[in-house]
file upload-v2.pdb (PDB, C-alpha atoms and all ligand atoms)
ATOM      1  CA  MET A   1      30.225 133.153  50.067
ATOM      2  CA  PHE A   2      30.989 132.022  53.636
ATOM      3  CA  GLU A   3      33.781 129.614  52.714
ATOM      4  CA  THR A   4      34.389 127.458  55.772
ATOM      5  CA  THR A   5      37.762 126.657  57.307
ATOM      6  CA  ILE A   6      39.356 125.761  60.652
ATOM      7  CA  ALA A   7      41.959 127.498  62.815
ATOM      8  CA  GLY A   8      44.387 124.652  62.127
ATOM      9  CA  SER A   9      44.885 121.696  64.440
ATOM     10  CA  LEU A  10      42.714 118.597  64.740
ATOM     11  CA  PRO A  11      42.823 115.729  67.261
ATOM     12  CA  LYS A  12      45.382 113.018  66.644
ATOM     13  CA  PRO A  13      44.064 109.475  66.192
ATOM     14  CA  PHE A  14      44.829 107.117  69.119
ATOM     15  CA  TRP A  15      47.271 105.093  67.023
ATOM     16  CA  LEU A  16      49.374 108.180  66.228
ATOM     17  CA  ALA A  17      49.687 109.831  69.637
ATOM     18  CA  GLU A  18      48.180 110.141  73.092
ATOM     19  CA  THR A  19      44.719 111.648  72.877
ATOM     20  CA  ASN A  20      43.084 114.607  74.641
ATOM     21  CA  VAL A  21      46.347 116.319  75.586
ATOM     22  CA  LEU A  22      48.079 119.368  74.205
ATOM     23  CA  TRP A  23      51.553 117.876  73.995
ATOM     24  CA  PRO A  24      50.943 114.179  73.280
ATOM     25  CA  LYS A  25      53.565 111.466  73.218
ATOM     26  CA  TRP A  26      53.917 109.738  69.852
ATOM     27  CA  ARG A  27      52.924 106.062  69.717
ATOM     28  CA  ALA A  28      55.763 105.035  67.390
ATOM     29  CA  SER A  29      59.165 106.249  66.292
ATOM     30  CA  GLY A  30      61.349 106.408  63.187
ATOM     31  CA  ALA A  31      59.864 105.278  59.878
ATOM     32  CA  GLU A  32      56.729 103.900  61.569
ATOM     33  CA  LEU A  33      55.986 107.289  63.111
ATOM     34  CA  GLU A  34      56.504 109.083  59.796
ATOM     35  CA  ALA A  35      54.101 106.652  58.087
ATOM     36  CA  ALA A  36      51.532 107.114  60.869
ATOM     37  CA  LYS A  37      51.740 110.917  60.530
ATOM     38  CA  ARG A  38      51.082 110.647  56.795
ATOM     39  CA  ASP A  39      48.138 108.294  57.352
ATOM     40  CA  ALA A  40      46.626 110.651  59.938
ATOM     41  CA  THR A  41      47.047 113.565  57.508
ATOM     42  CA  LEU A  42      45.148 111.630  54.829
ATOM     43  CA  LEU A  43      42.447 110.697  57.302
ATOM     44  CA  TRP A  44      41.805 114.309  58.285
ATOM     45  CA  LEU A  45      41.931 115.645  54.742
ATOM     46  CA  LYS A  46      39.206 113.122  53.869
ATOM     47  CA  ALA A  47      37.203 113.908  57.031
ATOM     48  CA  GLN A  48      37.313 117.646  56.285
ATOM     49  CA  GLU A  49      36.263 117.036  52.685
ATOM     50  CA  ASP A  50      33.423 114.785  53.857
ATOM     51  CA  ALA A  51      32.311 117.470  56.303
ATOM     52  CA  GLY A  52      32.157 119.882  53.352
ATOM     53  CA  LEU A  53      34.856 122.314  54.459
ATOM     54  CA  ASP A  54      36.019 124.658  51.709
ATOM     55  CA  ILE A  55      39.573 125.339  52.928
ATOM     56  CA  VAL A  56      41.193 122.316  54.566
ATOM     57  CA  SER A  57      44.338 121.848  56.652
ATOM     58  CA  ASP A  58      46.737 118.996  57.447
ATOM     59  CA  GLY A  59      45.322 119.179  60.967
ATOM     60  CA  GLU A  60      48.876 119.588  62.307
ATOM     61  CA  GLN A  61      49.140 115.790  62.483
ATOM     62  CA  SER A  62      52.927 115.885  61.981
ATOM     63  CA  ARG A  63      53.759 118.075  64.969
ATOM     64  CA  GLN A  64      53.507 117.509  68.696
ATOM     65  CA  HIS A  65      52.955 121.152  69.539
ATOM     66  CA  PHE A  66      52.113 124.200  67.456
ATOM     67  CA  VAL A  67      55.320 126.057  68.382
ATOM     68  CA  HIS A  68      57.788 123.279  69.133
ATOM     69  CA  GLY A  69      56.849 121.420  65.934
ATOM     70  CA  PHE A  70      58.675 124.196  64.077
ATOM     71  CA  LEU A  71      61.462 124.675  66.623
ATOM     72  CA  GLU A  72      62.501 121.021  66.264
ATOM     73  CA  PHE A  73      64.032 121.975  62.938
ATOM     74  CA  VAL A  74      65.911 125.041  64.118
ATOM     75  CA  GLU A  75      69.625 125.004  64.891
ATOM     76  CA  GLY A  76      70.931 127.205  67.729
ATOM     77  CA  ILE A  77      68.514 125.803  70.328
ATOM     78  CA  ASP A  78      69.440 123.712  73.371
ATOM     79  CA  ARG A  79      66.585 121.240  73.895
ATOM     80  CA  ASP A  80      68.410 119.108  76.468
ATOM     81  CA  HIS A  81      68.586 121.693  79.235
ATOM     82  CA  LYS A  82      65.129 123.199  79.443
ATOM     83  CA  VAL A  83      64.411 126.011  81.881
ATOM     84  CA  ARG A  84      61.230 127.041  83.650
ATOM     85  CA  MET A  85      59.715 130.228  82.246
ATOM     86  CA  GLY A  86      56.438 132.086  82.618
ATOM     87  CA  ILE A  87      54.849 132.405  79.177
ATOM     88  CA  ARG A  88      51.929 134.433  77.729
ATOM     89  CA  ASN A  89      52.632 137.136  80.322
ATOM     90  CA  ASN A  90      53.015 134.498  83.069
ATOM     91  CA  ARG A  91      49.693 132.791  82.382
ATOM     92  CA  TYR A  92      51.517 129.440  82.326
ATOM     93  CA  ASP A  93      54.727 128.149  83.724
ATOM     94  CA  ALA A  94      56.412 125.934  81.169
ATOM     95  CA  MET A  95      59.685 124.103  80.742
ATOM     96  CA  VAL A  96      61.103 125.666  77.598
ATOM     97  CA  PRO A  97      64.231 125.137  75.478
ATOM     98  CA  LYS A  98      66.840 127.921  75.220
ATOM     99  CA  VAL A  99      68.300 129.798  72.306
ATOM    100  CA  VAL A 100      72.069 129.434  72.696
ATOM    101  CA  GLY A 101      73.431 130.351  69.277
ATOM    102  CA  LYS A 102      72.673 131.872  65.906
ATOM    103  CA  LEU A 103      69.351 130.520  64.627
ATOM    104  CA  ARG A 104      69.281 128.609  61.359
ATOM    105  CA  LEU A 105      66.846 126.185  59.700
ATOM    106  CA  MET A 106      68.133 122.630  59.369
ATOM    107  CA  GLY A 107      66.512 121.948  55.990
ATOM    108  CA  ARG A 108      62.738 121.812  55.561
ATOM    109  CA  ALA A 109      60.669 122.032  58.731
ATOM    110  CA  HIS A 110      57.355 121.016  57.195
ATOM    111  CA  PRO A 111      57.623 118.672  54.212
ATOM    112  CA  GLU A 112      54.123 117.473  55.150
ATOM    113  CA  ALA A 113      52.754 120.573  53.397
ATOM    114  CA  LYS A 114      53.715 119.034  50.056
ATOM    115  CA  TYR A 115      52.242 115.683  51.086
ATOM    116  CA  ALA A 116      48.929 117.294  52.033
ATOM    117  CA  ARG A 117      48.922 119.275  48.765
ATOM    118  CA  ALA A 118      49.308 116.083  46.753
ATOM    119  CA  HIS A 119      46.245 114.546  48.408
ATOM    120  CA  THR A 120      43.506 117.146  48.195
ATOM    121  CA  LYS A 121      42.097 119.331  45.459
ATOM    122  CA  LYS A 122      40.468 121.663  47.971
ATOM    123  CA  LYS A 123      42.073 124.948  48.943
ATOM    124  CA  LEU A 124      44.758 124.125  51.488
ATOM    125  CA  LYS A 125      45.813 126.137  54.506
ATOM    126  CA  PHE A 126      49.037 125.563  56.419
ATOM    127  CA  THR A 127      49.834 127.017  59.837
ATOM    128  CA  LEU A 128      53.081 128.222  61.388
ATOM    129  CA  PRO A 129      53.688 129.795  64.792
ATOM    130  CA  GLY A 130      54.110 133.576  64.683
ATOM    131  CA  PRO A 131      57.436 135.235  65.590
ATOM    132  CA  MET A 132      56.156 136.887  68.776
ATOM    133  CA  THR A 133      54.559 133.681  70.027
ATOM    134  CA  ILE A 134      57.769 131.737  69.380
ATOM    135  CA  ALA A 135      59.807 134.383  71.204
ATOM    136  CA  ASP A 136      57.411 134.026  74.150
ATOM    137  CA  THR A 137      57.787 130.225  74.207
ATOM    138  CA  ILE A 138      61.568 129.947  74.399
ATOM    139  CA  ALA A 139      64.293 131.306  76.687
ATOM    140  CA  ASP A 140      66.979 133.555  75.217
ATOM    141  CA  GLU A 141      70.619 133.083  76.150
ATOM    142  CA  PHE A 142      72.088 134.429  72.948
ATOM    143  CA  TYR A 143      70.374 137.466  71.395
ATOM    144  CA  GLY A 144      69.941 139.408  74.645
ATOM    145  CA  ASP A 145      66.937 141.155  73.152
ATOM    146  CA  ARG A 146      63.513 139.538  72.710
ATOM    147  CA  VAL A 147      62.590 141.621  69.654
ATOM    148  CA  LYS A 148      65.865 140.858  67.916
ATOM    149  CA  MET A 149      65.365 137.154  68.596
ATOM    150  CA  ALA A 150      61.758 137.308  67.334
ATOM    151  CA  MET A 151      62.959 138.915  64.082
ATOM    152  CA  ALA A 152      65.562 136.165  63.665
ATOM    153  CA  PHE A 153      62.756 133.615  63.979
ATOM    154  CA  ALA A 154      60.655 135.666  61.531
ATOM    155  CA  ASP A 155      63.387 135.285  58.905
ATOM    156  CA  LEU A 156      63.407 131.509  59.378
ATOM    157  CA  LEU A 157      59.622 131.409  59.179
ATOM    158  CA  ASN A 158      59.860 133.348  55.940
ATOM    159  CA  GLN A 159      62.316 130.815  54.521
ATOM    160  CA  GLU A 160      59.956 127.946  55.382
ATOM    161  CA  ALA A 161      56.839 129.866  54.261
ATOM    162  CA  ARG A 162      58.378 130.468  50.826
ATOM    163  CA  ALA A 163      58.982 126.716  50.516
ATOM    164  CA  ILE A 164      55.411 125.964  51.648
ATOM    165  CA  GLU A 165      54.092 128.413  49.061
ATOM    166  CA  ALA A 166      56.174 126.649  46.413
ATOM    167  CA  ASP A 167      54.530 123.379  47.510
ATOM    168  CA  GLY A 168      51.246 124.864  46.289
ATOM    169  CA  VAL A 169      49.586 125.793  49.586
ATOM    170  CA  ASP A 170      46.856 128.453  49.182
ATOM    171  CA  VAL A 171      46.851 130.055  52.627
ATOM    172  CA  ILE A 172      49.713 130.389  55.119
ATOM    173  CA  GLN A 173      48.581 131.325  58.600
ATOM    174  CA  PHE A 174      50.715 132.486  61.504
ATOM    175  CA  ASP A 175      49.406 131.717  64.983
ATOM    176  CA  GLU A 176      49.935 134.623  67.369
ATOM    177  CA  PRO A 177      48.086 133.931  70.629
ATOM    178  CA  ALA A 178      50.825 136.010  72.300
ATOM    179  CA  PHE A 179      49.284 139.153  70.733
ATOM    180  CA  ASN A 180      46.425 138.862  73.246
ATOM    181  CA  ALA A 181      48.884 138.638  76.148
ATOM    182  CA  PHE A 182      51.112 141.506  74.951
ATOM    183  CA  THR A 183      48.645 143.826  73.274
ATOM    184  CA  LYS A 184      50.966 146.890  73.185
ATOM    185  CA  GLU A 185      53.933 144.937  71.843
ATOM    186  CA  ALA A 186      51.702 143.366  69.189
ATOM    187  CA  GLY A 187      51.309 146.771  67.534
ATOM    188  CA  ALA A 188      54.810 147.967  68.407
ATOM    189  CA  TRP A 189      56.710 145.048  66.840
ATOM    190  CA  GLY A 190      54.537 141.927  66.555
ATOM    191  CA  ILE A 191      53.136 143.032  63.203
ATOM    192  CA  GLU A 192      56.625 143.914  61.972
ATOM    193  CA  GLY A 193      57.589 140.310  62.764
ATOM    194  CA  LEU A 194      54.654 139.071  60.689
ATOM    195  CA  HIS A 195      55.686 141.333  57.804
ATOM    196  CA  ARG A 196      59.142 139.777  57.836
ATOM    197  CA  ALA A 197      57.588 136.306  57.933
ATOM    198  CA  ILE A 198      55.368 136.980  54.878
ATOM    199  CA  ASP A 199      57.962 138.940  52.884
ATOM    200  CA  GLY A 200      57.750 138.049  49.190
ATOM    201  CA  LEU A 201      54.763 135.673  49.554
ATOM    202  CA  LYS A 202      52.041 135.819  46.910
ATOM    203  CA  CYS A 203      49.666 133.299  48.499
ATOM    204  CA  THR A 204      46.960 134.377  50.937
ATOM    205  CA  THR A 205      48.386 135.207  54.354
ATOM    206  CA  ALA A 206      46.552 135.016  57.668
ATOM    207  CA  VAL A 207      47.108 135.572  61.363
ATOM    208  CA  HIS A 208      45.210 133.685  64.069
ATOM    209  CA  ILE A 209      44.813 135.449  67.416
ATOM    210  CA  CYS A 210      42.833 133.682  70.085
ATOM    211  CA  TYR A 211      42.365 133.144  73.788
ATOM    212  CA  GLY A 212      43.947 129.704  73.594
ATOM    213  CA  TYR A 213      42.955 126.067  73.618
ATOM    214  CA  GLY A 214      40.307 124.871  76.044
ATOM    215  CA  ILE A 215      42.786 123.955  78.784
ATOM    216  CA  LYS A 216      42.443 124.855  82.465
ATOM    217  CA  GLN A 217      45.003 127.707  82.512
ATOM    218  CA  ASN A 218      43.208 129.435  79.645
ATOM    219  CA  ILE A 219      39.748 128.907  81.095
ATOM    220  CA  ASP A 220      40.945 130.396  84.416
ATOM    221  CA  TRP A 221      42.604 133.302  82.583
ATOM    222  CA  LYS A 222      39.415 134.037  80.638
ATOM    223  CA  LYS A 223      37.474 134.125  83.917
ATOM    224  CA  SER A 224      39.862 136.863  85.124
ATOM    225  CA  LEU A 225      39.325 139.080  82.076
ATOM    226  CA  GLY A 226      35.985 140.511  83.184
ATOM    227  CA  GLY A 227      32.728 140.965  81.317
ATOM    228  CA  GLU A 228      34.211 142.270  78.084
ATOM    229  CA  TRP A 229      37.399 141.025  76.458
ATOM    230  CA  ARG A 230      38.791 144.092  74.696
ATOM    231  CA  GLN A 231      42.360 142.882  74.019
ATOM    232  CA  TYR A 232      41.779 142.905  70.230
ATOM    233  CA  GLU A 233      40.897 146.597  70.350
ATOM    234  CA  GLU A 234      44.508 147.571  71.112
ATOM    235  CA  PHE A 235      46.094 146.139  67.984
ATOM    236  CA  PHE A 236      43.326 145.524  65.419
ATOM    237  CA  PRO A 237      43.695 149.077  64.014
ATOM    238  CA  ALA A 238      47.402 148.408  63.348
ATOM    239  CA  LEU A 239      46.555 144.984  61.941
ATOM    240  CA  ALA A 240      43.991 146.593  59.594
ATOM    241  CA  LYS A 241      46.851 148.655  58.121
ATOM    242  CA  SER A 242      49.143 145.624  57.837
ATOM    243  CA  LYS A 243      49.902 143.526  54.755
ATOM    244  CA  ILE A 244      48.293 140.400  56.280
ATOM    245  CA  LYS A 245      45.150 139.550  54.313
ATOM    246  CA  GLN A 246      43.098 137.503  56.802
ATOM    247  CA  VAL A 247      42.528 137.641  60.557
ATOM    248  CA  SER A 248      41.221 134.605  62.449
ATOM    249  CA  LEU A 249      39.579 135.485  65.747
ATOM    250  CA  GLU A 250      37.545 134.055  68.590
ATOM    251  CA  CYS A 251      33.839 134.876  68.675
ATOM    252  CA  HIS A 252      31.270 132.200  69.676
ATOM    253  CA  HIS A 253      30.931 131.871  73.480
ATOM    254  CA  SER A 254      33.676 134.443  73.991
ATOM    255  CA  ARG A 255      33.195 137.808  75.637
ATOM    256  CA  VAL A 256      34.858 139.628  72.747
ATOM    257  CA  PRO A 257      32.499 142.489  71.825
ATOM    258  CA  PRO A 258      31.593 141.622  68.208
ATOM    259  CA  ASP A 259      31.767 145.283  67.160
ATOM    260  CA  LEU A 260      35.584 145.079  67.508
ATOM    261  CA  MET A 261      35.497 143.266  64.137
ATOM    262  CA  LYS A 262      34.738 146.683  62.616
ATOM    263  CA  LEU A 263      38.351 147.588  63.350
ATOM    264  CA  LEU A 264      39.474 145.094  60.691
ATOM    265  CA  ALA A 265      38.036 146.994  57.721
ATOM    266  CA  GLY A 266      39.582 145.717  54.488
ATOM    267  CA  LYS A 267      40.598 142.327  55.918
ATOM    268  CA  ASP A 268      39.022 138.920  55.459
ATOM    269  CA  VAL A 269      37.739 137.916  58.877
ATOM    270  CA  LEU A 270      37.773 134.266  59.931
ATOM    271  CA  VAL A 271      35.033 134.357  62.537
ATOM    272  CA  GLY A 272      35.151 131.713  65.267
ATOM    273  CA  VAL A 273      31.686 130.156  65.196
ATOM    274  CA  ILE A 274      32.744 126.931  66.940
ATOM    275  CA  ASP A 275      33.849 126.907  70.587
ATOM    276  CA  VAL A 276      36.847 124.607  71.065
ATOM    277  CA  ALA A 277      36.823 124.971  74.873
ATOM    278  CA  SER A 278      33.538 123.088  75.227
ATOM    279  CA  ASP A 279      32.523 119.576  74.168
ATOM    280  CA  GLN A 280      28.974 120.740  73.598
ATOM    281  CA  VAL A 281      28.397 120.568  69.839
ATOM    282  CA  GLU A 282      26.937 123.739  68.347
ATOM    283  CA  THR A 283      23.699 123.425  66.411
ATOM    284  CA  PRO A 284      23.734 124.615  62.781
ATOM    285  CA  GLU A 285      21.220 127.292  63.854
ATOM    286  CA  GLU A 286      23.642 128.585  66.504
ATOM    287  CA  VAL A 287      26.434 128.721  63.912
ATOM    288  CA  ALA A 288      24.190 130.619  61.469
ATOM    289  CA  GLY A 289      23.219 132.962  64.321
ATOM    290  CA  THR A 290      26.865 133.771  65.097
ATOM    291  CA  ILE A 291      27.505 134.412  61.405
ATOM    292  CA  GLY A 292      24.472 136.737  61.393
ATOM    293  CA  LYS A 293      25.840 138.664  64.375
ATOM    294  CA  ALA A 294      29.268 139.037  62.734
ATOM    295  CA  LEU A 295      27.614 140.269  59.516
ATOM    296  CA  GLU A 296      26.684 143.474  61.332
ATOM    297  CA  PHE A 297      30.399 144.295  61.377
ATOM    298  CA  VAL A 298      31.997 142.303  58.530
ATOM    299  CA  PRO A 299      30.893 142.453  54.861
ATOM    300  CA  LYS A 300      29.592 139.055  53.729
ATOM    301  CA  GLU A 301      32.213 138.629  51.011
ATOM    302  CA  ARG A 302      34.911 138.945  53.675
ATOM    303  CA  LEU A 303      33.410 136.593  56.273
ATOM    304  CA  TYR A 304      34.830 133.062  56.643
ATOM    305  CA  PRO A 305      33.153 130.843  59.268
ATOM    306  CA  CYS A 306      35.917 129.137  61.267
ATOM    307  CA  THR A 307      36.675 127.542  64.640
ATOM    308  CA  ASN A 308      37.692 129.726  67.605
ATOM    309  CA  CYS A 309      41.056 127.966  67.886
ATOM    310  CA  GLY A 310      42.686 124.614  67.197
ATOM    311  CA  MET A 311      40.954 121.372  68.129
ATOM    312  CA  ALA A 312      44.088 119.360  68.991
ATOM    313  CA  PRO A 313      43.161 118.344  72.561
ATOM    314  CA  MET A 314      39.525 117.528  71.713
ATOM    315  CA  GLU A 315      37.881 114.113  71.464
ATOM    316  CA  ARG A 316      37.929 113.074  67.801
ATOM    317  CA  GLY A 317      34.208 112.233  67.559
ATOM    318  CA  ILE A 318      33.274 115.611  68.986
ATOM    319  CA  ALA A 319      35.617 117.416  66.595
ATOM    320  CA  LEU A 320      33.953 115.629  63.669
ATOM    321  CA  LYS A 321      30.493 116.679  64.869
ATOM    322  CA  LYS A 322      31.692 120.263  65.286
ATOM    323  CA  LEU A 323      33.053 120.312  61.718
ATOM    324  CA  ALA A 324      29.658 119.098  60.487
ATOM    325  CA  ALA A 325      27.899 121.831  62.518
ATOM    326  CA  LEU A 326      30.248 124.450  61.049
ATOM    327  CA  THR A 327      29.425 123.596  57.447
ATOM    328  CA  ALA A 328      25.703 123.038  58.103
ATOM    329  CA  GLY A 329      25.505 126.425  59.817
ATOM    330  CA  ALA A 330      27.317 128.132  56.946
ATOM    331  CA  ALA A 331      24.844 126.519  54.515
ATOM    332  CA  ILE A 332      21.907 127.992  56.457
ATOM    333  CA  ALA A 333      23.624 131.397  56.504
ATOM    334  CA  ARG A 334      24.176 131.279  52.715
ATOM    335  CA  GLN A 335      20.433 130.890  52.229
ATOM    336  CA  ARG A 336      19.503 133.411  54.879
ATOM    337  CA  TYR A 337      21.892 136.230  54.035
ATOM    338  CA  LYS A 338      22.288 135.918  50.239
TER     339      LYS A 338
HETATM  340 ZN    ZN B 401      44.175 129.588  68.834
END

call {"tool": "encode", "arguments": {"input": "upload-v2.pdb", "output": "structure tokens"}}
result
Amino acid sequence: MFETTIAGSLPKPFWLAETNVLWPKWRASGAELEAAKRDATLLWLKAQEDAGLDIVSDGEQSRQHFVHGFLEFVEGIDRDHKVRMGIRNNRYDAMVPKVVGKLRLMGRAHPEAKYARAHTKKKLKFTLPGPMTIADTIADEFYGDRVKMAMAFADLLNQEARAIEADGVDVIQFDEPAFNAFTKEAGAWGIEGLHRAIDGLKCTTAVHICYGYGIKQNIDWKKSLGGEWRQYEEFFPALAKSKIKQVSLECHHSRVPPDLMKLLAGKDVLVGVIDVASDQVETPEEVAGTIGKALEFVPKERLYPCTNCGMAPMERGIALKKLAALTAGAAIARQRYK
């Protein structure tokens, strides 16, 4: 009961990449960089095991960015002539690459899944960006239709996800923060994109939908959303009917009304009990309290204590303390709510 896990990313050690930024520069290149990525993956697998997490991740140590880490391995993209584009419904302005031809995977995008699998006996989760979020993070000069382009990406994600499953990964999660920015489209075609991405998979599948990392643009956006954040309400009913097994959502310190979790009947719910937008470390009691609140709306056998979002831009020492708080809080909850 209350198996603990994280949304996905973890801070990169200072010798691998710049710290405390979302899109860090690598410290090395070529074979040295590849070796450093593997070492950082080992380090975080061990740290998660030491913290007592039940479902661990590679911490996304091998990618610079949760979307572009995948796109690096896709053919049909011009990365040399980036264009400025408003993303997440114009919440940020970003310089993005452009799709200029038919999309195709250039071999394996994430061989690190197999490396992580070889180095932990715990259940292993691996994350990929979702089709809608990719389509919202790249300019289109080829497909002429955002949905069509998203579905093309979904097919590539499916190809990679099948390979990751064959590597022995237990959970494959698709990150779809764009669902919260395009709540109507999420139901209209976002879920269809996910279905294409998980086609034929037998492992556990998950989708993570959040209000973003703790960076200024997101904090400002959250301030503009009013007293209650009801974005989830618009597409959770459709998600409840979907073939995705788990939904990872933001809860602690957010203004998401917890009763919206009721809309996910039949799904495993990965409840965010750790705030990634604050350096204040939760107490185990606070974590147990958030689990208790979620239990009013999620059956205990379906509740997985998790982080609100990735921890990539966080200070490493703080991330470690937050992982410890997560597992200590889940331990209290197991006693309290058995
Ligand atoms: Zn997130």

call {"tool": "residues_near_ligand", "arguments": {"input": "upload-v2.pdb", "ligand": "ligand ZN 401 (chain B)", "cutoff": "9 Å", "atoms": "all atoms listed in the file", "output": "PyMOL selection string"}}
result
chain A and resi 7-8+175-177+208-213+248-250+307-311

call {"tool": "residues_around", "arguments": {"input": "upload-v2.pdb", "residues": "Ala238 in chain A", "least_positions_apart": "6", "cutoff": "10 Å", "atoms": "all atoms listed in the file", "output": "PyMOL selection string"}}
result
chain A and resi 186-188+191+263-264

call {"tool": "residues_near_point", "arguments": {"input": "upload-v2.pdb", "point": "(71.0, 126.7, 61.0)", "cutoff": "8 Å", "atoms": "all atoms listed in the file", "output": "ChimeraX atom specification"}}
result
/A:74-76,102-106

call {"tool": "residues_around", "arguments": {"input": "upload-v2.pdb", "residues": "Trp229 in chain A", "least_positions_apart": "5", "cutoff": "8 Å", "atoms": "all atoms listed in the file", "output": "PyMOL selection string"}}
result
chain A and resi 254-257

call {"tool": "atom_distance", "arguments": {"input": "upload-v2.pdb", "atom1": "CA of Lys12 in chain A", "atom2": "CA of Ala154 in chain A"}}
result
27.8 Å
